[in-house]
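Chemist: So here's target.pdb, just PDB, C-alpha atoms, pLDDT in the B column:
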```
ATOM      1  CA  MET A  31      19.528  -3.189 -29.899  1.00 48.00           C
ATOM      2  CA  ARG A  32      20.301  -0.243 -27.630  1.00 60.00           C
ATOM      3  CA  LYS A  33      16.738   1.043 -27.733  1.00 63.00           C
ATOM      4  CA  LYS A  34      15.351  -2.322 -26.581  1.00 71.00           C
ATOM      5  CA  GLU A  35      17.593  -2.303 -23.512  1.00 65.00           C
ATOM      6  CA  GLU A  36      16.416   1.208 -22.629  1.00 68.00           C
ATOM      7  CA  ASP A  37      12.803   0.123 -23.037  1.00 80.00           C
ATOM      8  CA  GLN A  38      13.360  -2.845 -20.727  1.00 83.00           C
ATOM      9  CA  SER A  39      15.012  -0.728 -18.046  1.00 83.00           C
ATOM     10  CA  ALA A  40      12.238   1.864 -18.255  1.00 86.00           C
ATOM     11  CA  ARG A  41       9.659  -0.902 -17.925  1.00 89.00           C
ATOM     12  CA  LEU A  42      11.502  -2.314 -14.913  1.00 89.00           C
ATOM     13  CA  ILE A  43      11.626   1.096 -13.225  1.00 91.00           C
ATOM     14  CA  ARG A  44       7.932   1.666 -13.959  1.00 92.00           C
ATOM     15  CA  CYS A  45       7.084  -1.745 -12.472  1.00 94.00           C
ATOM     16  CA  GLY A  46       9.185  -1.032  -9.374  1.00 94.00           C
ATOM     17  CA  LEU A  47       7.497   2.332  -8.893  1.00 95.00           C
ATOM     18  CA  GLY A  48       4.103   0.660  -9.222  1.00 95.00           C
ATOM     19  CA  VAL A  49       4.978  -1.844  -6.501  1.00 96.00           C
ATOM     20  CA  LEU A  50       6.315   0.920  -4.262  1.00 97.00           C
ATOM     21  CA  LEU A  51       3.252   3.132  -4.748  1.00 97.00           C
ATOM     22  CA  GLY A  52       0.962   0.155  -4.159  1.00 97.00           C
ATOM     23  CA  GLY A  53       2.723  -0.620  -0.885  1.00 97.00           C
ATOM     24  CA  ILE A  54       2.485   2.977   0.282  1.00 98.00           C
ATOM     25  CA  LEU A  55      -1.204   3.090  -0.628  1.00 98.00           C
ATOM     26  CA  ALA A  56      -1.883  -0.175   1.221  1.00 98.00           C
ATOM     27  CA  LEU A  57      -0.072   1.149   4.298  1.00 98.00           C
ATOM     28  CA  ALA A  58      -2.096   4.376   4.238  1.00 98.00           C
ATOM     29  CA  ILE A  59      -5.393   2.484   3.908  1.00 97.00           C
ATOM     30  CA  CYS A  60      -4.446   0.154   6.759  1.00 94.00           C
ATOM     31  CA  CYS A  61      -3.510   3.072   9.013  1.00 95.00           C
ATOM     32  CA  LEU A  62      -6.771   4.879   8.215  1.00 96.00           C
ATOM     33  CA  PHE A  63      -8.769   1.723   8.965  1.00 92.00           C
ATOM     34  CA  LEU A  64      -7.007   1.245  12.300  1.00 89.00           C
ATOM     35  CA  LEU A  65      -7.528   4.918  13.136  1.00 92.00           C
ATOM     36  CA  GLY A  66     -11.228   4.545  12.408  1.00 91.00           C
ATOM     37  CA  CYS A  67     -11.405   1.433  14.573  1.00 86.00           C
ATOM     38  CA  SER A  68      -9.671   3.162  17.462  1.00 85.00           C
ATOM     39  CA  VAL A  69     -12.029   6.152  17.189  1.00 89.00           C
ATOM     40  CA  ALA A  70     -15.024   3.805  17.172  1.00 87.00           C
ATOM     41  CA  ILE A  71     -13.761   1.988  20.267  1.00 84.00           C
ATOM     42  CA  SER A  72     -12.897   5.235  22.055  1.00 86.00           C
ATOM     43  CA  SER A  73     -16.314   6.741  21.373  1.00 89.00           C
ATOM     44  CA  GLY A  74     -18.071   3.630  22.624  1.00 84.00           C
ATOM     45  CA  ALA A  75     -19.710   2.750  19.301  1.00 83.00           C
ATOM     46  CA  VAL A  76     -17.894  -0.599  19.318  1.00 81.00           C
ATOM     47  CA  GLY A  77     -17.138  -2.663  22.397  1.00 77.00           C
ATOM     48  CA  GLU A  78     -13.582  -3.084  23.612  1.00 75.00           C
ATOM     49  CA  GLY A  79     -13.860  -6.830  23.147  1.00 79.00           C
ATOM     50  CA  LEU A  80     -13.998  -6.374  19.374  1.00 77.00           C
ATOM     51  CA  GLY A  81     -10.611  -4.616  19.319  1.00 70.00           C
ATOM     52  CA  TYR A  82      -8.691  -7.842  18.758  1.00 76.00           C
ATOM     53  CA  GLN A  83     -11.033  -8.948  15.986  1.00 80.00           C
ATOM     54  CA  LEU A  84     -10.806  -5.602  14.176  1.00 72.00           C
ATOM     55  CA  THR A  85      -7.021  -5.513  14.228  1.00 67.00           C
TER      56      THR A  85
END
```
Could you take the file, read its structure, and then write that structure out as structure tokens?

Modeler:
Amino acid sequence: MRKKEEDQSARLIRCGLGVLLGGILALAICCLFLLGCSVAISSGAVGEGLGYQLT
């Protein structure tokens, strides 16, 4: 019985770490996308009017 409880807690920790890593990865991708959009607007490749639509 003890081993099952340890397996469940390990599974819960692994699931929590997966959610945390997924959130960090999503934040990094979003920041990179917004950085790319701001570079494109600053360089003139994209009009300033599209800034609201991109973000």

Chemist: Taking every listed atom of region 67-81 of chain A and adding 6 Å to each side, what centre and edge lengths in Å (one decimal) does the axis-aligned box have, as lines of an AutoDock Vina configuration file?

Modeler:
```
center_x = -14.7
center_y = 0.0
center_z = 19.1
size_x = 22.0
size_y = 25.6
size_z = 21.0
```

Chemist: For a quick check of understanding, using all atoms listed in the file, which of A:Arg41, A:Leu47, A:Ile54, A:Gln83 has the smallest distance to Cys67 (chain A)?

Modeler: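 Comparing A:Arg41, A:Leu47, A:Ile54, A:Gln83 against Cys67 (chain A), the winner is A:Gln83.
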
Chemist: Which one of A:Leu84, A:Ile43, A:Val76, A:Leu50 sits closest to Phe63 (chain A) if you count all atoms listed in the file?

Modeler: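 For Phe63 (chain A), the nearest of the candidates is A:Leu84.
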
Chemist: Expressed in Å to a single decimal, how great is the separation between CA of Leu62 (chain A) and CA of Gly81 (chain A)?

Modeler: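 Taking CA of Leu62 (chain A) as the start and CA of Gly81 (chain A) as the end point, the length is 15.1 Å.
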
Chemist: Report, in Å with one decimal, the straight-line distance from CA of Leu64 (chain A) to CA of Glu78 (chain A).

Modeler: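 About the pair CA of Leu64 (chain A) and CA of Glu78 (chain A): they are 13.8 Å apart.
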
Chemist: Between CA of Ala75 (chain A) and CA of Ala58 (chain A), what is the distance in Å, rounded to a tenth?

Modeler: 23.2 Å

Chemist: Pop region 36-52 of chain A out of the structure in the block and write all heavy atoms as a PDB file, in the first residue's frame.

Modeler:
```pdb
ATOM      1  N   GLU A  36       3.338   6.399  -2.868  1.00  0.00           N
ATOM      2  CA  GLU A  36       4.537   7.058  -3.388  1.00  0.00           C
ATOM      3  C   GLU A  36       4.439   7.233  -4.894  1.00  0.00           C
ATOM      4  O   GLU A  36       4.852   8.260  -5.431  1.00  0.00           O
ATOM      5  CB  GLU A  36       5.774   6.252  -3.016  1.00  0.00           C
ATOM      6  CG  GLU A  36       6.105   6.301  -1.544  1.00  0.00           C
ATOM      7  CD  GLU A  36       7.279   5.410  -1.179  1.00  0.00           C
ATOM      8  OE1 GLU A  36       7.849   4.769  -2.077  1.00  0.00           O
ATOM      9  OE2 GLU A  36       7.607   5.357   0.014  1.00  0.00           O
ATOM     10  N   ASP A  37       3.886   6.237  -5.573  1.00  0.00           N
ATOM     11  CA  ASP A  37       3.714   6.341  -7.021  1.00  0.00           C
ATOM     12  C   ASP A  37       2.739   7.462  -7.368  1.00  0.00           C
ATOM     13  O   ASP A  37       2.955   8.201  -8.327  1.00  0.00           O
ATOM     14  CB  ASP A  37       3.211   5.027  -7.610  1.00  0.00           C
ATOM     15  CG  ASP A  37       4.277   3.947  -7.601  1.00  0.00           C
ATOM     16  OD1 ASP A  37       5.465   4.292  -7.475  1.00  0.00           O
ATOM     17  OD2 ASP A  37       3.904   2.759  -7.716  1.00  0.00           O
ATOM     18  N   GLN A  38       1.674   7.592  -6.600  1.00  0.00           N
ATOM     19  CA  GLN A  38       0.692   8.643  -6.864  1.00  0.00           C
ATOM     20  C   GLN A  38       1.288  10.024  -6.622  1.00  0.00           C
ATOM     21  O   GLN A  38       1.043  10.947  -7.390  1.00  0.00           O
ATOM     22  CB  GLN A  38      -0.543   8.443  -5.993  1.00  0.00           C
ATOM     23  CG  GLN A  38      -1.405   7.294  -6.432  1.00  0.00           C
ATOM     24  CD  GLN A  38      -2.595   7.094  -5.520  1.00  0.00           C
ATOM     25  OE1 GLN A  38      -2.702   7.715  -4.465  1.00  0.00           O
ATOM     26  NE2 GLN A  38      -3.497   6.213  -5.928  1.00  0.00           N
ATOM     27  N   SER A  39       2.067  10.175  -5.564  1.00  0.00           N
ATOM     28  CA  SER A  39       2.662  11.482  -5.295  1.00  0.00           C
ATOM     29  C   SER A  39       3.717  11.829  -6.342  1.00  0.00           C
ATOM     30  O   SER A  39       3.821  12.980  -6.755  1.00  0.00           O
ATOM     31  CB  SER A  39       3.265  11.531  -3.893  1.00  0.00           C
ATOM     32  OG  SER A  39       4.331  10.609  -3.781  1.00  0.00           O
ATOM     33  N   ALA A  40       4.466  10.841  -6.802  1.00  0.00           N
ATOM     34  CA  ALA A  40       5.445  11.086  -7.856  1.00  0.00           C
ATOM     35  C   ALA A  40       4.749  11.475  -9.152  1.00  0.00           C
ATOM     36  O   ALA A  40       5.204  12.360  -9.874  1.00  0.00           O
ATOM     37  CB  ALA A  40       6.311   9.846  -8.070  1.00  0.00           C
ATOM     38  N   ARG A  41       3.633  10.833  -9.442  1.00  0.00           N
ATOM     39  CA  ARG A  41       2.866  11.163 -10.639  1.00  0.00           C
ATOM     40  C   ARG A  41       2.293  12.578 -10.542  1.00  0.00           C
ATOM     41  O   ARG A  41       2.279  13.316 -11.526  1.00  0.00           O
ATOM     42  CB  ARG A  41       1.741  10.151 -10.813  1.00  0.00           C
ATOM     43  CG  ARG A  41       1.144  10.156 -12.196  1.00  0.00           C
ATOM     44  CD  ARG A  41       0.101   9.083 -12.381  1.00  0.00           C
ATOM     45  NE  ARG A  41       0.552   7.799 -11.862  1.00  0.00           N
ATOM     46  CZ  ARG A  41      -0.268   6.838 -11.466  1.00  0.00           C
ATOM     47  NH1 ARG A  41      -1.564   7.010 -11.525  1.00  0.00           N
ATOM     48  NH2 ARG A  41       0.212   5.704 -11.006  1.00  0.00           N
ATOM     49  N   LEU A  42       1.841  12.955  -9.361  1.00  0.00           N
ATOM     50  CA  LEU A  42       1.299  14.293  -9.153  1.00  0.00           C
ATOM     51  C   LEU A  42       2.381  15.358  -9.323  1.00  0.00           C
ATOM     52  O   LEU A  42       2.164  16.388  -9.964  1.00  0.00           O
ATOM     53  CB  LEU A  42       0.674  14.396  -7.762  1.00  0.00           C
ATOM     54  CG  LEU A  42       0.025  15.724  -7.394  1.00  0.00           C
ATOM     55  CD1 LEU A  42      -1.160  15.982  -8.292  1.00  0.00           C
ATOM     56  CD2 LEU A  42      -0.403  15.714  -5.946  1.00  0.00           C
ATOM     57  N   ILE A  43       3.554  15.098  -8.781  1.00  0.00           N
ATOM     58  CA  ILE A  43       4.675  16.038  -8.932  1.00  0.00           C
ATOM     59  C   ILE A  43       5.095  16.143 -10.392  1.00  0.00           C
ATOM     60  O   ILE A  43       5.339  17.232 -10.907  1.00  0.00           O
ATOM     61  CB  ILE A  43       5.859  15.609  -8.039  1.00  0.00           C
ATOM     62  CG1 ILE A  43       5.500  15.829  -6.573  1.00  0.00           C
ATOM     63  CG2 ILE A  43       7.122  16.372  -8.406  1.00  0.00           C
ATOM     64  CD1 ILE A  43       6.508  15.270  -5.601  1.00  0.00           C
ATOM     65  N   ARG A  44       5.144  15.006 -11.085  1.00  0.00           N
ATOM     66  CA  ARG A  44       5.512  15.013 -12.504  1.00  0.00           C
ATOM     67  C   ARG A  44       4.487  15.789 -13.324  1.00  0.00           C
ATOM     68  O   ARG A  44       4.847  16.541 -14.227  1.00  0.00           O
ATOM     69  CB  ARG A  44       5.617  13.573 -12.992  1.00  0.00           C
ATOM     70  CG  ARG A  44       6.388  13.412 -14.256  1.00  0.00           C
ATOM     71  CD  ARG A  44       6.609  11.957 -14.596  1.00  0.00           C
ATOM     72  NE  ARG A  44       5.475  11.137 -14.179  1.00  0.00           N
ATOM     73  CZ  ARG A  44       5.578   9.896 -13.721  1.00  0.00           C
ATOM     74  NH1 ARG A  44       6.742   9.324 -13.624  1.00  0.00           N
ATOM     75  NH2 ARG A  44       4.514   9.221 -13.367  1.00  0.00           N
ATOM     76  N   CYS A  45       3.213  15.639 -13.005  1.00  0.00           N
ATOM     77  CA  CYS A  45       2.156  16.374 -13.707  1.00  0.00           C
ATOM     78  C   CYS A  45       2.271  17.871 -13.426  1.00  0.00           C
ATOM     79  O   CYS A  45       2.143  18.696 -14.330  1.00  0.00           O
ATOM     80  CB  CYS A  45       0.797  15.850 -13.274  1.00  0.00           C
ATOM     81  SG  CYS A  45      -0.585  16.640 -14.096  1.00  0.00           S
ATOM     82  N   GLY A  46       2.525  18.236 -12.178  1.00  0.00           N
ATOM     83  CA  GLY A  46       2.689  19.644 -11.824  1.00  0.00           C
ATOM     84  C   GLY A  46       3.885  20.273 -12.518  1.00  0.00           C
ATOM     85  O   GLY A  46       3.819  21.412 -12.985  1.00  0.00           O
ATOM     86  N   LEU A  47       4.983  19.530 -12.597  1.00  0.00           N
ATOM     87  CA  LEU A  47       6.159  20.036 -13.307  1.00  0.00           C
ATOM     88  C   LEU A  47       5.882  20.198 -14.801  1.00  0.00           C
ATOM     89  O   LEU A  47       6.359  21.142 -15.429  1.00  0.00           O
ATOM     90  CB  LEU A  47       7.348  19.108 -13.094  1.00  0.00           C
ATOM     91  CG  LEU A  47       8.032  19.207 -11.745  1.00  0.00           C
ATOM     92  CD1 LEU A  47       9.122  18.150 -11.622  1.00  0.00           C
ATOM     93  CD2 LEU A  47       8.616  20.585 -11.531  1.00  0.00           C
ATOM     94  N   GLY A  48       5.097  19.294 -15.361  1.00  0.00           N
ATOM     95  CA  GLY A  48       4.734  19.406 -16.771  1.00  0.00           C
ATOM     96  C   GLY A  48       3.913  20.655 -17.035  1.00  0.00           C
ATOM     97  O   GLY A  48       4.138  21.354 -18.031  1.00  0.00           O
ATOM     98  N   VAL A  49       2.965  20.945 -16.153  1.00  0.00           N
ATOM     99  CA  VAL A  49       2.149  22.151 -16.300  1.00  0.00           C
ATOM    100  C   VAL A  49       3.017  23.400 -16.149  1.00  0.00           C
ATOM    101  O   VAL A  49       2.887  24.356 -16.924  1.00  0.00           O
ATOM    102  CB  VAL A  49       0.995  22.153 -15.274  1.00  0.00           C
ATOM    103  CG1 VAL A  49       0.300  23.491 -15.231  1.00  0.00           C
ATOM    104  CG2 VAL A  49       0.001  21.050 -15.596  1.00  0.00           C
ATOM    105  N   LEU A  50       3.906  23.388 -15.185  1.00  0.00           N
ATOM    106  CA  LEU A  50       4.790  24.533 -14.963  1.00  0.00           C
ATOM    107  C   LEU A  50       5.713  24.758 -16.151  1.00  0.00           C
ATOM    108  O   LEU A  50       5.868  25.894 -16.634  1.00  0.00           O
ATOM    109  CB  LEU A  50       5.611  24.322 -13.688  1.00  0.00           C
ATOM    110  CG  LEU A  50       6.547  25.457 -13.279  1.00  0.00           C
ATOM    111  CD1 LEU A  50       5.725  26.695 -12.922  1.00  0.00           C
ATOM    112  CD2 LEU A  50       7.393  25.027 -12.113  1.00  0.00           C
ATOM    113  N   LEU A  51       6.327  23.703 -16.658  1.00  0.00           N
ATOM    114  CA  LEU A  51       7.218  23.833 -17.814  1.00  0.00           C
ATOM    115  C   LEU A  51       6.446  24.263 -19.061  1.00  0.00           C
ATOM    116  O   LEU A  51       6.945  25.048 -19.871  1.00  0.00           O
ATOM    117  CB  LEU A  51       7.954  22.521 -18.073  1.00  0.00           C
ATOM    118  CG  LEU A  51       9.037  22.174 -17.067  1.00  0.00           C
ATOM    119  CD1 LEU A  51       9.609  20.790 -17.370  1.00  0.00           C
ATOM    120  CD2 LEU A  51      10.127  23.218 -17.062  1.00  0.00           C
ATOM    121  N   GLY A  52       5.238  23.775 -19.217  1.00  0.00           N
ATOM    122  CA  GLY A  52       4.405  24.188 -20.346  1.00  0.00           C
ATOM    123  C   GLY A  52       4.059  25.668 -20.280  1.00  0.00           C
ATOM    124  O   GLY A  52       4.072  26.367 -21.291  1.00  0.00           O
TER     125      GLY A  52
END
```
